[in-house]
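Novice: Take a look at the following structure, please.
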Amino acid sequence: MLKTTVAGLFLMAAILPGQEQRGRVATDFSGRLLLSETSAALAGETTAPPERVLESADGRVTVTAASELEAWRGGVIAPRTDDHGGLRAYSYYVQGYTSPIGGTRPAQFDGVVRHVQDGWEVRRPGRVGLSRAGRWAVFAGHDPKQTLWLDLWTETEYLASGYVFNVDSVADDGSTVLCSQHRLIMAKPGQEMQEFEFDFDVYSAIIDRFATYVMIQGGRGIWRLDLSTGQSTQWVPSCYNCRLLDVDFRGSKLLYTEWSFLKLASGPGTDLIEFNFLPEEAGGATLDGWGTRVFATMTDGIVRYDLDTGERIVVMPGPASLTRTPTALAPGMWVRLTGKGLSAATVELDGAQIEPLHRSMTTLDWVVPAEAPLGSVTVRIGQPSSGFEPATLALDVQLAAPVFIQRQEAGVTNAGFPDWAVIRHAGSGELVSFYDPARPGETITVLMTGLNGAAAAVEWYVVKLNTDDKFYPVIESVEPHPDQLNWSIVRLRMPASLPDGESALAANYLKMRSGALISTSGQPAP
């Protein structure tokens, strides 16, 4: 049912220069990256920091450098760009409060619109949205509760008091929408508001570019509302824990997430297209204007999906971030780094390039050169074509840096506990386990890296968990692994007495202190 109410909008002078923008842009909404669909669109873009322009298969990619966002330490959300790429809009936290159950929650936002080349910018209280044509900036404020429309072409402002509108989408004519229980409210600057009533709760909504359709999440599904007729059509019959992301210019294709799965819906009776599981916070994806391609932030960077051919292309590798790093290095040491954005990563050791042995989206294997001098070094891990600064590690190269090789790294996949060390009984070759523990006086083998011929200089001992009782094994031999030259097989003879239960085998040398779980028994073998 359609009804209208007085909008309560009024006109006031603005202070910004008008500037018309043309073209089309796709954004990934990840807080870091913005994509242009055409190389010509950003031909006049500045290349000075903090903005840089890089060539890609699809045209130019605008990178919002980390230095720009660092000032707010992750508080920046929902960046926007206009079609031409000349305007930037983003919101950030300016005030928070401490929750009674712990943690800080954002309470207030400021919105910023900035012109890249001319350098002017405007700030207003509230979260900001930007229309694709670059004409309308909409600020939704909570203190006071109001919505401000800023017309960047005619230098005017429109204000609606008492309402806070959803600025996740702004149509070219400035239209934006707000959900309130069973109602959808649409407001257009300087005009009357429209209210659409439903027989279910409305949770979220986005409007298409030409203010023809609104996609609505509610009633356990997703609906499309035709604004010209007031008629709604169920677009997706069932959708739980969903988030609406983007809609094409014609309102015919909808990109959204259900839980953390990225999906595309083209209307009733059509098959859903489901993409990869989103590794980041759901929301790092957008649809191009014609609904032919999807851009998404995945583990390996910004990925383009061609909906006609099914082709998946990494348009721009993401920044390398590391979750597992060594605390020291040794000459000839095999190193596995884990993290994100590593599929095309390179390694530099004090400026010297090192060719990785293996790369994947989440792992990077490389070897410290055998001739690496001892002392402090800087390791840089990055993807050259990503435009982001490499991850930097300050480490020491030591005579030895013992590291236990994990089962998953050695290809031991049938024993469970993939992150446990490869420790075997020397006699049988079977893995040491709770059911077959290491016993006093027996010899075990341990797979290691980073010994550099200095295993005798490493401190080896077994310690029962949650105690300080140490039991010292004896090195019998150290041999190179037959398939991995940078790994070593160490034969250790267990001491005459061992604790019962779960223990740890330690291998320490200066800054590198490594430990591995090992099941031990105080009783000799039966």
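Ligands are numbered from 1 in the order shown, chains are lettered A, B, ... in the order of the structure tokens, and residues start at 1 in each chain.
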List as a ChimeraX atom specification the protein and nucleic acid residues near A:Gly218, meaning an atom at most 7 Å away when only C-alpha atoms are counted, but skip any in the same chain fewer than 6 places from it.

Specialist: /A:200-203

Novice: Please save N, CA, C and O atoms of the selected residues as a compact mmCIF listing (two decimals), in the first residue's frame.

Specialist:
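File out15.txt, as written:
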```
# COMPACT_ATOMS: atom_id res chain seq x y z
N PHE A 200 5.11 -7.77 6.81
CA PHE A 200 6.24 -8.42 7.50
C PHE A 200 7.24 -7.34 7.88
O PHE A 200 7.20 -6.22 7.36
N ASP A 201 8.13 -7.69 8.80
CA ASP A 201 9.17 -6.75 9.21
C ASP A 201 10.17 -6.57 8.08
O ASP A 201 10.59 -7.52 7.42
N VAL A 202 10.57 -5.31 7.86
CA VAL A 202 11.56 -4.97 6.84
C VAL A 202 12.88 -4.67 7.55
O VAL A 202 12.94 -3.78 8.40
N TYR A 203 13.93 -5.41 7.19
CA TYR A 203 15.20 -5.28 7.91
C TYR A 203 16.21 -4.38 7.21
O TYR A 203 16.93 -3.62 7.85
```

Novice: Do a neighbour search on stretch 332-348 of chain A at 6 Å with only C-alpha atoms, toss out local chain neighbours closer than 5 positions, and write the hits as a VMD selection string.

Specialist: chain A and resid 299 to 300 318 to 325 353 to 354 359 to 370 379 to 383 449 to 450 486

Novice: Keeping N, CA, C and O atoms for every residue in the selection just given, could you write it to a file as a short mmCIF file (atom, residue, chain, number, x, y, z; two decimals), in the first residue's frame?

Specialist:
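Here's the written file part_3.cif:
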```cif
data_model
loop_
_atom_site.label_atom_id
_atom_site.label_comp_id
_atom_site.auth_asym_id
_atom_site.auth_seq_id
_atom_site.Cartn_x
_atom_site.Cartn_y
_atom_site.Cartn_z
N THR A 299 40.66 -14.04 -0.40
CA THR A 299 41.94 -14.20 0.28
C THR A 299 43.10 -13.75 -0.59
O THR A 299 44.07 -13.19 -0.10
N ASP A 300 43.01 -14.00 -1.91
CA ASP A 300 44.12 -13.67 -2.79
C ASP A 300 44.03 -12.28 -3.38
O ASP A 300 44.83 -11.92 -4.24
N GLY A 318 45.86 -8.73 -3.24
CA GLY A 318 45.69 -7.97 -2.01
C GLY A 318 47.00 -7.80 -1.27
O GLY A 318 48.04 -8.35 -1.64
N PRO A 319 46.99 -7.02 -0.20
CA PRO A 319 48.20 -6.84 0.59
C PRO A 319 48.55 -8.12 1.33
O PRO A 319 47.67 -8.88 1.74
N ALA A 320 49.84 -8.41 1.45
CA ALA A 320 50.28 -9.59 2.18
C ALA A 320 50.18 -9.32 3.68
O ALA A 320 50.66 -8.30 4.18
N SER A 321 49.52 -10.22 4.39
CA SER A 321 49.46 -10.14 5.85
C SER A 321 49.83 -11.50 6.40
O SER A 321 49.44 -12.53 5.85
N LEU A 322 50.58 -11.53 7.48
CA LEU A 322 51.16 -12.76 8.00
C LEU A 322 50.57 -13.11 9.36
O LEU A 322 50.38 -12.23 10.21
N THR A 323 50.29 -14.39 9.56
CA THR A 323 49.77 -14.86 10.84
C THR A 323 50.74 -15.79 11.54
O THR A 323 50.63 -16.03 12.73
N ARG A 324 51.71 -16.36 10.82
CA ARG A 324 52.72 -17.23 11.43
C ARG A 324 54.07 -16.88 10.84
O ARG A 324 54.29 -16.98 9.64
N THR A 325 55.00 -16.46 11.70
CA THR A 325 56.34 -16.09 11.27
C THR A 325 57.35 -16.66 12.25
O THR A 325 57.04 -16.89 13.42
N GLN A 353 66.42 -10.45 -3.65
CA GLN A 353 65.25 -11.24 -3.97
C GLN A 353 65.53 -12.73 -3.77
O GLN A 353 66.60 -13.22 -4.13
N ILE A 354 64.55 -13.43 -3.20
CA ILE A 354 64.63 -14.88 -3.01
C ILE A 354 63.43 -15.51 -3.71
O ILE A 354 62.29 -15.11 -3.45
N ARG A 359 53.95 -21.21 -3.47
CA ARG A 359 53.02 -20.17 -3.06
C ARG A 359 51.60 -20.71 -3.12
O ARG A 359 51.27 -21.52 -3.98
N SER A 360 50.79 -20.24 -2.22
CA SER A 360 49.34 -20.42 -2.31
C SER A 360 48.71 -19.15 -1.76
O SER A 360 49.41 -18.21 -1.37
N MET A 361 47.38 -19.10 -1.70
CA MET A 361 46.72 -17.91 -1.18
C MET A 361 47.09 -17.66 0.28
O MET A 361 47.12 -16.52 0.73
N THR A 362 47.40 -18.73 1.02
CA THR A 362 47.60 -18.60 2.48
C THR A 362 48.96 -19.07 2.96
O THR A 362 49.24 -18.96 4.15
N THR A 363 49.81 -19.61 2.09
CA THR A 363 51.14 -20.08 2.53
C THR A 363 52.22 -19.63 1.55
O THR A 363 51.96 -19.46 0.35
N LEU A 364 53.43 -19.47 2.07
CA LEU A 364 54.59 -19.09 1.26
C LEU A 364 55.80 -19.82 1.82
O LEU A 364 56.17 -19.64 2.99
N ASP A 365 56.42 -20.67 1.00
CA ASP A 365 57.61 -21.44 1.41
C ASP A 365 58.84 -20.87 0.71
O ASP A 365 58.82 -20.63 -0.50
N TRP A 366 59.91 -20.69 1.47
CA TRP A 366 61.16 -20.21 0.90
C TRP A 366 62.32 -20.67 1.78
O TRP A 366 62.12 -21.21 2.87
N VAL A 367 63.54 -20.51 1.28
CA VAL A 367 64.73 -20.98 1.98
C VAL A 367 65.69 -19.81 2.18
O VAL A 367 65.96 -19.04 1.24
N VAL A 368 66.20 -19.68 3.40
CA VAL A 368 67.23 -18.67 3.69
C VAL A 368 68.51 -19.08 2.96
O VAL A 368 68.92 -20.25 3.04
N PRO A 369 69.12 -18.18 2.21
CA PRO A 369 70.35 -18.56 1.50
C PRO A 369 71.41 -19.12 2.45
O PRO A 369 71.58 -18.63 3.57
N ALA A 370 72.11 -20.17 2.01
CA ALA A 370 73.13 -20.81 2.84
C ALA A 370 74.26 -19.85 3.18
O ALA A 370 74.92 -20.00 4.22
N VAL A 379 63.26 -8.71 6.43
CA VAL A 379 62.57 -9.55 5.46
C VAL A 379 61.30 -8.82 5.03
O VAL A 379 60.52 -8.36 5.87
N ARG A 380 61.10 -8.70 3.73
CA ARG A 380 59.92 -8.02 3.20
C ARG A 380 59.13 -9.01 2.34
O ARG A 380 59.68 -9.63 1.42
N ILE A 381 57.83 -9.14 2.66
CA ILE A 381 56.94 -10.05 1.95
C ILE A 381 55.82 -9.23 1.32
O ILE A 381 55.08 -8.55 2.04
N GLY A 382 55.71 -9.27 0.02
CA GLY A 382 54.67 -8.47 -0.62
C GLY A 382 54.32 -9.00 -2.00
O GLY A 382 55.02 -9.86 -2.55
N GLN A 383 53.22 -8.49 -2.55
CA GLN A 383 52.81 -8.82 -3.91
C GLN A 383 53.02 -7.57 -4.75
O GLN A 383 52.29 -6.59 -4.58
N THR A 449 63.99 -28.33 10.74
CA THR A 449 64.71 -27.44 9.84
C THR A 449 65.41 -26.38 10.68
O THR A 449 65.11 -26.22 11.87
N GLY A 450 66.34 -25.65 10.07
CA GLY A 450 67.03 -24.56 10.75
C GLY A 450 68.19 -25.00 11.62
O GLY A 450 68.70 -24.20 12.42
N ASN A 486 66.60 -29.18 2.83
CA ASN A 486 66.69 -28.19 3.90
C ASN A 486 66.03 -28.68 5.19
O ASN A 486 65.89 -27.91 6.14
#
```

Novice: Between A:Asp288, A:Asp248, A:Asp469, A:Glu476, single out the one closest to A:Val446, counting only C-alpha atoms.

Specialist: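 Looking only at the distances to A:Val446, the closest residue turns out to be A:Glu476.
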
Novice: Looking only at strand (DSSP E or B) from DSSP on the backbone, list the matching residues of stretch 395-493 of chain A as a PDB file with N, CA, C and O atoms, in the first residue's frame.

Specialist:
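Result went into out-v7.pdb, see below:
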```
ATOM      1  N   LEU A 395      64.365  -9.573  11.847  1.00  0.00           N
ATOM      2  CA  LEU A 395      64.778 -10.841  12.447  1.00  0.00           C
ATOM      3  C   LEU A 395      66.291 -10.907  12.557  1.00  0.00           C
ATOM      4  O   LEU A 395      67.007 -10.088  11.968  1.00  0.00           O
ATOM      5  N   ASP A 396      66.763 -11.897  13.295  1.00  0.00           N
ATOM      6  CA  ASP A 396      68.185 -12.194  13.388  1.00  0.00           C
ATOM      7  C   ASP A 396      68.474 -13.500  12.673  1.00  0.00           C
ATOM      8  O   ASP A 396      67.710 -14.469  12.804  1.00  0.00           O
ATOM      9  N   VAL A 397      69.567 -13.532  11.907  1.00  0.00           N
ATOM     10  CA  VAL A 397      70.082 -14.795  11.368  1.00  0.00           C
ATOM     11  C   VAL A 397      71.072 -15.338  12.382  1.00  0.00           C
ATOM     12  O   VAL A 397      72.081 -14.698  12.694  1.00  0.00           O
ATOM     13  N   VAL A 403      63.335 -25.525  14.139  1.00  0.00           N
ATOM     14  CA  VAL A 403      61.885 -25.501  13.960  1.00  0.00           C
ATOM     15  C   VAL A 403      61.425 -26.926  13.672  1.00  0.00           C
ATOM     16  O   VAL A 403      62.011 -27.625  12.836  1.00  0.00           O
ATOM     17  N   PHE A 404      60.370 -27.367  14.357  1.00  0.00           N
ATOM     18  CA  PHE A 404      59.782 -28.675  14.114  1.00  0.00           C
ATOM     19  C   PHE A 404      58.917 -28.622  12.848  1.00  0.00           C
ATOM     20  O   PHE A 404      58.122 -27.696  12.672  1.00  0.00           O
ATOM     21  N   GLN A 406      55.799 -29.672  10.809  1.00  0.00           N
ATOM     22  CA  GLN A 406      54.477 -30.180  11.155  1.00  0.00           C
ATOM     23  C   GLN A 406      54.065 -31.309  10.215  1.00  0.00           C
ATOM     24  O   GLN A 406      54.570 -31.450   9.102  1.00  0.00           O
ATOM     25  N   ALA A 421      54.089 -32.050  15.427  1.00  0.00           N
ATOM     26  CA  ALA A 421      55.379 -32.329  14.811  1.00  0.00           C
ATOM     27  C   ALA A 421      55.449 -33.787  14.354  1.00  0.00           C
ATOM     28  O   ALA A 421      54.728 -34.659  14.845  1.00  0.00           O
ATOM     29  N   ILE A 423      57.137 -36.824  14.764  1.00  0.00           N
ATOM     30  CA  ILE A 423      58.005 -37.537  15.714  1.00  0.00           C
ATOM     31  C   ILE A 423      57.656 -39.018  15.622  1.00  0.00           C
ATOM     32  O   ILE A 423      56.507 -39.403  15.824  1.00  0.00           O
ATOM     33  N   ARG A 424      58.647 -39.847  15.324  1.00  0.00           N
ATOM     34  CA  ARG A 424      58.409 -41.269  15.102  1.00  0.00           C
ATOM     35  C   ARG A 424      59.290 -42.131  15.999  1.00  0.00           C
ATOM     36  O   ARG A 424      60.354 -41.691  16.465  1.00  0.00           O
ATOM     37  N   HIS A 425      58.838 -43.371  16.204  1.00  0.00           N
ATOM     38  CA  HIS A 425      59.684 -44.382  16.821  1.00  0.00           C
ATOM     39  C   HIS A 425      60.719 -44.806  15.784  1.00  0.00           C
ATOM     40  O   HIS A 425      60.370 -45.190  14.661  1.00  0.00           O
ATOM     41  N   LEU A 431      54.327 -43.161  14.090  1.00  0.00           N
ATOM     42  CA  LEU A 431      54.273 -41.897  14.819  1.00  0.00           C
ATOM     43  C   LEU A 431      54.122 -42.143  16.317  1.00  0.00           C
ATOM     44  O   LEU A 431      53.396 -43.048  16.743  1.00  0.00           O
ATOM     45  N   ALA A 438      56.504 -42.403  23.527  1.00  0.00           N
ATOM     46  CA  ALA A 438      57.955 -42.570  23.623  1.00  0.00           C
ATOM     47  C   ALA A 438      58.289 -43.100  25.013  1.00  0.00           C
ATOM     48  O   ALA A 438      57.704 -42.679  26.019  1.00  0.00           O
ATOM     49  N   THR A 443      64.962 -44.814  20.977  1.00  0.00           N
ATOM     50  CA  THR A 443      65.371 -43.774  20.037  1.00  0.00           C
ATOM     51  C   THR A 443      64.167 -43.329  19.215  1.00  0.00           C
ATOM     52  O   THR A 443      63.418 -44.168  18.695  1.00  0.00           O
ATOM     53  N   ILE A 444      63.997 -42.039  19.111  1.00  0.00           N
ATOM     54  CA  ILE A 444      62.953 -41.461  18.270  1.00  0.00           C
ATOM     55  C   ILE A 444      63.606 -40.634  17.173  1.00  0.00           C
ATOM     56  O   ILE A 444      64.787 -40.254  17.280  1.00  0.00           O
ATOM     57  N   THR A 445      62.869 -40.372  16.105  1.00  0.00           N
ATOM     58  CA  THR A 445      63.342 -39.468  15.049  1.00  0.00           C
ATOM     59  C   THR A 445      62.424 -38.249  14.998  1.00  0.00           C
ATOM     60  O   THR A 445      61.216 -38.360  15.175  1.00  0.00           O
ATOM     61  N   VAL A 446      63.025 -37.111  14.764  1.00  0.00           N
ATOM     62  CA  VAL A 446      62.303 -35.843  14.731  1.00  0.00           C
ATOM     63  C   VAL A 446      62.673 -35.122  13.441  1.00  0.00           C
ATOM     64  O   VAL A 446      63.855 -35.031  13.090  1.00  0.00           O
ATOM     65  N   LEU A 447      61.657 -34.622  12.732  1.00  0.00           N
ATOM     66  CA  LEU A 447      61.881 -33.890  11.494  1.00  0.00           C
ATOM     67  C   LEU A 447      62.028 -32.406  11.823  1.00  0.00           C
ATOM     68  O   LEU A 447      61.134 -31.796  12.424  1.00  0.00           O
ATOM     69  N   MET A 448      63.144 -31.818  11.405  1.00  0.00           N
ATOM     70  CA  MET A 448      63.477 -30.434  11.793  1.00  0.00           C
ATOM     71  C   MET A 448      63.986 -29.647  10.591  1.00  0.00           C
ATOM     72  O   MET A 448      64.372 -30.214   9.565  1.00  0.00           O
ATOM     73  N   THR A 449      63.994 -28.331  10.740  1.00  0.00           N
ATOM     74  CA  THR A 449      64.712 -27.437   9.842  1.00  0.00           C
ATOM     75  C   THR A 449      65.407 -26.376  10.677  1.00  0.00           C
ATOM     76  O   THR A 449      65.113 -26.218  11.872  1.00  0.00           O
ATOM     77  N   GLU A 459      69.728 -26.675  22.624  1.00  0.00           N
ATOM     78  CA  GLU A 459      69.319 -27.274  23.897  1.00  0.00           C
ATOM     79  C   GLU A 459      68.071 -28.117  23.667  1.00  0.00           C
ATOM     80  O   GLU A 459      67.019 -27.604  23.307  1.00  0.00           O
ATOM     81  N   TRP A 460      68.195 -29.434  23.879  1.00  0.00           N
ATOM     82  CA  TRP A 460      67.092 -30.371  23.698  1.00  0.00           C
ATOM     83  C   TRP A 460      66.655 -30.890  25.062  1.00  0.00           C
ATOM     84  O   TRP A 460      67.484 -31.292  25.877  1.00  0.00           O
ATOM     85  N   TYR A 461      65.368 -30.934  25.320  1.00  0.00           N
ATOM     86  CA  TYR A 461      64.887 -31.560  26.558  1.00  0.00           C
ATOM     87  C   TYR A 461      63.401 -31.870  26.437  1.00  0.00           C
ATOM     88  O   TYR A 461      62.684 -31.291  25.622  1.00  0.00           O
ATOM     89  N   VAL A 462      62.972 -32.816  27.280  1.00  0.00           N
ATOM     90  CA  VAL A 462      61.553 -33.159  27.418  1.00  0.00           C
ATOM     91  C   VAL A 462      61.085 -32.603  28.752  1.00  0.00           C
ATOM     92  O   VAL A 462      61.771 -32.754  29.771  1.00  0.00           O
ATOM     93  N   VAL A 463      59.928 -31.939  28.742  1.00  0.00           N
ATOM     94  CA  VAL A 463      59.387 -31.375  29.968  1.00  0.00           C
ATOM     95  C   VAL A 463      57.909 -31.772  30.076  1.00  0.00           C
ATOM     96  O   VAL A 463      57.166 -31.690  29.094  1.00  0.00           O
ATOM     97  N   LYS A 464      57.530 -32.273  31.263  1.00  0.00           N
ATOM     98  CA  LYS A 464      56.127 -32.605  31.470  1.00  0.00           C
ATOM     99  C   LYS A 464      55.332 -31.316  31.532  1.00  0.00           C
ATOM    100  O   LYS A 464      55.748 -30.338  32.156  1.00  0.00           O
ATOM    101  N   LYS A 470      62.667 -31.333  33.771  1.00  0.00           N
ATOM    102  CA  LYS A 470      63.259 -31.521  32.454  1.00  0.00           C
ATOM    103  C   LYS A 470      64.009 -32.845  32.390  1.00  0.00           C
ATOM    104  O   LYS A 470      64.664 -33.256  33.348  1.00  0.00           O
ATOM    105  N   PHE A 471      63.941 -33.484  31.218  1.00  0.00           N
ATOM    106  CA  PHE A 471      64.594 -34.759  30.977  1.00  0.00           C
ATOM    107  C   PHE A 471      65.347 -34.623  29.651  1.00  0.00           C
ATOM    108  O   PHE A 471      64.738 -34.271  28.624  1.00  0.00           O
ATOM    109  N   VAL A 474      69.708 -37.578  24.206  1.00  0.00           N
ATOM    110  CA  VAL A 474      71.044 -37.514  23.618  1.00  0.00           C
ATOM    111  C   VAL A 474      70.918 -37.618  22.101  1.00  0.00           C
ATOM    112  O   VAL A 474      70.181 -38.476  21.584  1.00  0.00           O
ATOM    113  N   ILE A 475      71.625 -36.748  21.370  1.00  0.00           N
ATOM    114  CA  ILE A 475      71.623 -36.806  19.905  1.00  0.00           C
ATOM    115  C   ILE A 475      72.457 -37.998  19.454  1.00  0.00           C
ATOM    116  O   ILE A 475      73.635 -38.120  19.811  1.00  0.00           O
ATOM    117  N   GLU A 476      71.859 -38.872  18.674  1.00  0.00           N
ATOM    118  CA  GLU A 476      72.604 -39.987  18.099  1.00  0.00           C
ATOM    119  C   GLU A 476      73.140 -39.644  16.713  1.00  0.00           C
ATOM    120  O   GLU A 476      74.271 -39.995  16.376  1.00  0.00           O
ATOM    121  N   SER A 477      72.315 -38.982  15.906  1.00  0.00           N
ATOM    122  CA  SER A 477      72.762 -38.607  14.564  1.00  0.00           C
ATOM    123  C   SER A 477      71.831 -37.547  13.994  1.00  0.00           C
ATOM    124  O   SER A 477      70.701 -37.364  14.450  1.00  0.00           O
ATOM    125  N   VAL A 478      72.319 -36.845  12.974  1.00  0.00           N
ATOM    126  CA  VAL A 478      71.527 -35.872  12.215  1.00  0.00           C
ATOM    127  C   VAL A 478      71.793 -36.132  10.739  1.00  0.00           C
ATOM    128  O   VAL A 478      72.939 -36.083  10.289  1.00  0.00           O
ATOM    129  N   GLU A 479      70.731 -36.429   9.992  1.00  0.00           N
ATOM    130  CA  GLU A 479      70.869 -36.749   8.574  1.00  0.00           C
ATOM    131  C   GLU A 479      69.949 -35.853   7.753  1.00  0.00           C
ATOM    132  O   GLU A 479      68.871 -35.452   8.220  1.00  0.00           O
ATOM    133  N   PRO A 480      70.358 -35.534   6.524  1.00  0.00           N
ATOM    134  CA  PRO A 480      69.454 -34.751   5.666  1.00  0.00           C
ATOM    135  C   PRO A 480      68.257 -35.584   5.240  1.00  0.00           C
ATOM    136  O   PRO A 480      68.356 -36.801   5.068  1.00  0.00           O
ATOM    137  N   TRP A 487      65.595 -29.936   5.195  1.00  0.00           N
ATOM    138  CA  TRP A 487      65.085 -30.561   6.404  1.00  0.00           C
ATOM    139  C   TRP A 487      66.118 -31.546   6.936  1.00  0.00           C
ATOM    140  O   TRP A 487      66.939 -32.079   6.177  1.00  0.00           O
ATOM    141  N   SER A 488      66.045 -31.814   8.221  1.00  0.00           N
ATOM    142  CA  SER A 488      66.955 -32.770   8.861  1.00  0.00           C
ATOM    143  C   SER A 488      66.153 -33.802   9.640  1.00  0.00           C
ATOM    144  O   SER A 488      65.103 -33.481  10.213  1.00  0.00           O
ATOM    145  N   ILE A 489      66.673 -35.055   9.669  1.00  0.00           N
ATOM    146  CA  ILE A 489      66.107 -36.109  10.509  1.00  0.00           C
ATOM    147  C   ILE A 489      67.038 -36.292  11.695  1.00  0.00           C
ATOM    148  O   ILE A 489      68.190 -36.717  11.535  1.00  0.00           O
ATOM    149  N   VAL A 490      66.558 -35.936  12.857  1.00  0.00           N
ATOM    150  CA  VAL A 490      67.368 -36.003  14.074  1.00  0.00           C
ATOM    151  C   VAL A 490      66.964 -37.245  14.861  1.00  0.00           C
ATOM    152  O   VAL A 490      65.783 -37.453  15.153  1.00  0.00           O
ATOM    153  N   ARG A 491      67.965 -38.086  15.191  1.00  0.00           N
ATOM    154  CA  ARG A 491      67.732 -39.266  16.029  1.00  0.00           C
ATOM    155  C   ARG A 491      68.098 -38.899  17.468  1.00  0.00           C
ATOM    156  O   ARG A 491      69.238 -38.502  17.745  1.00  0.00           O
ATOM    157  N   LEU A 492      67.107 -38.994  18.338  1.00  0.00           N
ATOM    158  CA  LEU A 492      67.305 -38.666  19.759  1.00  0.00           C
ATOM    159  C   LEU A 492      67.058 -39.913  20.603  1.00  0.00           C
ATOM    160  O   LEU A 492      66.018 -40.580  20.445  1.00  0.00           O
ATOM    161  N   ARG A 493      68.028 -40.230  21.491  1.00  0.00           N
ATOM    162  CA  ARG A 493      67.819 -41.336  22.439  1.00  0.00           C
ATOM    163  C   ARG A 493      67.229 -40.756  23.715  1.00  0.00           C
ATOM    164  O   ARG A 493      67.802 -39.858  24.337  1.00  0.00           O
TER     165      ARG A 493
END
```
